[in-house]
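Below is one structure, written out as structure tokens; the observations come after it.
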2 protein chains.
Amino acid sequence: MIVTPVSRLFGLKYPIFQGGMAWVADAQLASAVSNGGGLGIISAMNLDADYLREQIRLCREMTDQAFGVNIMLMSPHAGDCAQVVPVVPSVAIARRVAREGACAVIAEGCEAGGHIGELTTLTLVPQVADAVDIPVIAAGGIADGRGVAAALMLGAQGVQCGTRFLAAEECTIPQCFKDKVVSARDIDTMVTGRRLGHPVRALKNSYMLEFAKREADISISNEELEAFGSGALWRAARQGDMATGCIMAGQAAALVKETLPAKEIMRGMFEEAQALLEGAGQWLA
Amino acid sequence: MIVTPVSRLFGLKYPIFQGGMAWVADAQLASAVSNGGGLGIISAMNLDADYLREQIRLCREMTDQAFGVNIMLMSPHAGDCAQVVPVVPSVAIARRVAREGACAVIAEGCEAGGHIGELTTLTLVPQVADAVDIPVIAAGGIADGRGVAAALMLGAQGVQCGTRFLAAEECTIPQCFKDKVVSARDIDTMVTGRRLGHPVRALKNSYMLEFAKREADISISNEELEAFGSGALWRAARQGDMATGCIMAGQAAALVKETLPAKEIMRGMFEEAQALLEGAGQWLA
């Protein structure tokens with residue numbers, strides 16, 4: 001067993017959070033992750049409190065384990081964020097949320113899917129670990145035991161995985177979305193939206209290529225570009241539209257080889273990580 | 001001591017290569033790294049054979065240890081590359097060079113300085129390790145023992161560092177360049193040149209901001225943009241021009257806190273990595 005301050009703090013079998021992915025992280029996925037030994041997360045998105053209340057109720061029906069809620073701080077319903085574990089893309093923001101009383105911080109590198117920062121996980125995690133006194137959870141690019149063991153070496157005490165859980169059996173996205181993740185190669189993600197100031201990583205498809213084309217066309221305004229992007233994740237994740245939908249996923253998609261129950265995903269990752277930590281002495285002479 | 005197939009294969013005290021940075025990796029730096037226990041590398045750039053011959057002669061005068069030469073495969077003087085250890089940014093290229101007889105491969109993530117690919121070190125290294133049977137050397141974002149230990153967990157058997165050696169005492173770049181590296185924060189690098197198909201990471205300065213501005217201006221041709229970039233690294237690295245020069249450095253610059261002799265850099269990194277590997281049992285219960 002791998003035991004860290006994060007597993008102790010949150011009462012988890014494994015020190016792993018499931019990413020709070022919009023249109024993906026619902027009660028069914030979150031409860032499966034929590035039942036499997038990690039911390040399941042429900043995404044509140046920017047929907048109203050009724051939606052969230054219903055998801056929490058459903059999740060409580062399906063698990064007696066702890067789970068979390070991912071609240072977008074841009075949302076008008078964000079409310080009190082004192083108890084959240086924030087996701088940060090840089091050292092300065094990590095310092096600020098630590099000062100404001102966060103109990104842990106998720107340092108997310110730009111290999112992640114969805115909205116991303118500029119720093120990679122490998123360089124961000126050790127810097128955040130140096131900058132704050134609270135536990136650090138590494139996110140971005142982690143999909144197997146090697147990533148977990150590397151994260152611990154970098155100074156993290158836990159990991160958050162999004163892309164890997166897209167291929168969880170309990171994940172309610174359409175099978176075609178899961179198939180895209182499982183078959184993705186290393187070079188199959190791309191980033192758009194830099195011009196808008198909020199870059200997004202997703203799998204390359206017609207939608208992403210068209211977005212990139214429009215982004216490069218200065219005759220298209222930022223407002224038109226935002227409008228073009230509107231609803232794209234929903235189309236992919238809820239309607240299974242693989243052409244005009246935005247198939248958000250991180251570079252770790254290339255490390256995802258199969259669809260498995262959430263519990264098996266975590267068991268496999270942490271068995272592999274444990275073997276690596278146990279075998280660390282092989283390098284020592 | 002940390003001993004891996006890479007340290008054995010190349011006869012090194014530490015399994016570390018110094019990056020073959022253009023206008024930086026000369027006989028003085030390479031010999032210092034080789035004398036200190038790593039593999040020093042001389043950059044051949046695209047200069048003629050006389051320059052390289054002279055650098056090799058100088059390096060041989062300064063060390064009786066092995067050192068390498070970084071040959072740009074775009075260079076007209078590239079010649080036979082059978083004995084090189086190539087740098088690769090993706091799985092397909094790793095497979096190809098392994099097939100062509102490379103004895104090891106350097107998997108370099110996009111957090112590196114200079115010319116970069118798209119994949120981060122954290123996601124690239126395990127994929128390359130899965131794809132080839134030769135030793136993998138992780139590059140990009142590694143500047144301390146945490147990065148070394150993480151690289152080993154990801155499936156690498158060694159590391160290559162460029163940015164960290166910019167702050168080696170023996171590095172012949174101007175002090176002002178070293179000062180910029182040592183004082184860099186996490187968010188102080190940026191990437192330009194994506195439009196040209198060969199993105200470059202460097203520290204933010206007037207030159208980089210101006211390049212980004214021109215890159216976004218479609219009235220400026222690619223040829224004009226290339227011309228604007230020409231000589232920029234040379235101005236920074238050889239003339240100490242911190243305004244109109246391109247201060248190539250990776251995200252790991254933020255992890256570089258002081259200027260030290262190359263030998264001390266490596267000793268510190270590998271002592272830290274060794275302590276992490278020895279302490280890996282702390283996570284096991």
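Chain labels follow the order of the structure tokens: the first chain is A, the next B, and so on; residue numbering restarts at 1 in every chain, and ligands are counted from 1 in their shown order.
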
Do you know which residues are at most 8 Å from Leu58 in chain A counting only C-alpha atoms, after dropping those on the same chain fewer than 3 positions away, and could you put them as a list in words?
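Everything that qualifies: Ala27, Gln28, Glu54, Gln55, Glu61 and Met62 of chain A.
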
Deliver the residues from the most recent selection as a file, using C-alpha atoms, as a PDB file, in the first residue's frame.
```pdb
ATOM      1  CA  ALA A  27     -22.402  11.245  -9.568  1.00  0.00           C
ATOM      2  CA  GLN A  28     -21.901   7.899 -11.309  1.00  0.00           C
ATOM      3  CA  GLU A  54     -29.322  16.362  -7.227  1.00  0.00           C
ATOM      4  CA  GLN A  55     -25.871  15.046  -8.204  1.00  0.00           C
ATOM      5  CA  GLU A  61     -26.995   7.001  -2.685  1.00  0.00           C
ATOM      6  CA  MET A  62     -24.181   5.237  -4.521  1.00  0.00           C
TER       7      MET A  62
END
```

Compute the set of chain B residues within 9 Å of chain A, using only C-alpha atoms, and express it as a PyMOL selection string.
chain B and resi 1-4+90-92+110-111+118-124+126-127+140-143+145-155+185-187+190+216-218+251-252+254-255+273-274+276-285

So which residues touch Ile137 in chain A within 7 Å, counting only C-alpha atoms, skipping near sequence neighbours fewer than 2 positions away, as JSON, numbers by chain?
{"A": [105, 106, 107, 135, 139, 156, 157, 158, 159, 160]}

Please extract the residues of range 36-248 of chain B with a backbone DSSP assignment of strand (DSSP E) and present them as a PDB file with C-alpha atoms, in the first residue's frame.
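out.pdb, freshly written:
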```
ATOM      1  CA  GLY B  40      30.029  16.691 -21.736  1.00  0.00           C
ATOM      2  CA  ILE B  41      28.791  17.566 -25.204  1.00  0.00           C
ATOM      3  CA  ILE B  42      30.265  19.970 -27.749  1.00  0.00           C
ATOM      4  CA  SER B  43      27.775  21.565 -30.123  1.00  0.00           C
ATOM      5  CA  ALA B  44      28.911  21.361 -33.736  1.00  0.00           C
ATOM      6  CA  MET B  45      26.152  23.772 -34.782  1.00  0.00           C
ATOM      7  CA  PHE B  67      32.695  13.521 -24.274  1.00  0.00           C
ATOM      8  CA  GLY B  68      30.237  13.805 -27.125  1.00  0.00           C
ATOM      9  CA  VAL B  69      29.397  16.040 -30.059  1.00  0.00           C
ATOM     10  CA  ASN B  70      25.930  17.325 -30.856  1.00  0.00           C
ATOM     11  CA  ILE B  71      25.428  17.316 -34.610  1.00  0.00           C
ATOM     12  CA  VAL B  87      17.165  13.677 -29.371  1.00  0.00           C
ATOM     13  CA  VAL B  88      13.531  12.832 -30.135  1.00  0.00           C
ATOM     14  CA  VAL B 105      17.710   7.904 -27.271  1.00  0.00           C
ATOM     15  CA  ILE B 106      17.133  11.251 -25.591  1.00  0.00           C
ATOM     16  CA  ALA B 107      13.400  11.877 -25.065  1.00  0.00           C
ATOM     17  CA  GLU B 108      13.062  15.627 -24.716  1.00  0.00           C
ATOM     18  CA  GLY B 114      15.526  26.136 -27.367  1.00  0.00           C
ATOM     19  CA  HIS B 115      13.820  24.169 -30.126  1.00  0.00           C
ATOM     20  CA  VAL B 136      16.140   6.255 -22.687  1.00  0.00           C
ATOM     21  CA  ILE B 137      17.590   9.526 -21.437  1.00  0.00           C
ATOM     22  CA  ALA B 138      15.009  12.033 -20.180  1.00  0.00           C
ATOM     23  CA  ALA B 139      15.472  15.692 -21.084  1.00  0.00           C
ATOM     24  CA  GLY B 158      19.564   8.788 -17.374  1.00  0.00           C
ATOM     25  CA  VAL B 159      18.956  12.503 -17.827  1.00  0.00           C
ATOM     26  CA  GLN B 160      20.160  15.327 -20.026  1.00  0.00           C
ATOM     27  CA  CYS B 161      20.293  18.839 -18.618  1.00  0.00           C
ATOM     28  CA  THR B 189       9.733  31.483 -20.260  1.00  0.00           C
ATOM     29  CA  MET B 190       7.649  31.734 -23.406  1.00  0.00           C
ATOM     30  CA  VAL B 191       7.423  29.970 -26.738  1.00  0.00           C
ATOM     31  CA  THR B 192       7.595  31.617 -30.146  1.00  0.00           C
ATOM     32  CA  VAL B 200      11.553  27.890 -29.496  1.00  0.00           C
ATOM     33  CA  ARG B 201      11.393  28.346 -25.712  1.00  0.00           C
ATOM     34  CA  ALA B 202      13.383  31.188 -24.170  1.00  0.00           C
ATOM     35  CA  LEU B 203      13.173  33.674 -21.324  1.00  0.00           C
TER      36      LEU B 203
END
```

Just to confirm, what's the straight-line distance from CA of Ala168 in chain B to CA of Met208 in chain B in Å (one decimal)?
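Distance reported for this atom pair: 24.2 Å.
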
Quick one: DSSP alpha helix (DSSP H) residues in range 69-194 of chain A, as an NGL selection string?
:A and (91-99 or 121-131 or 145-154 or 163-166 or 175-183)

So that I can see what lies close to Lys13 in chain B, please list as JSON, numbers by chain the residues with an atom at most 7 Å from it, counting only C-alpha atoms and leaving out residues fewer than 6 positions away in the same chain.
{"B": [7, 37, 38]}
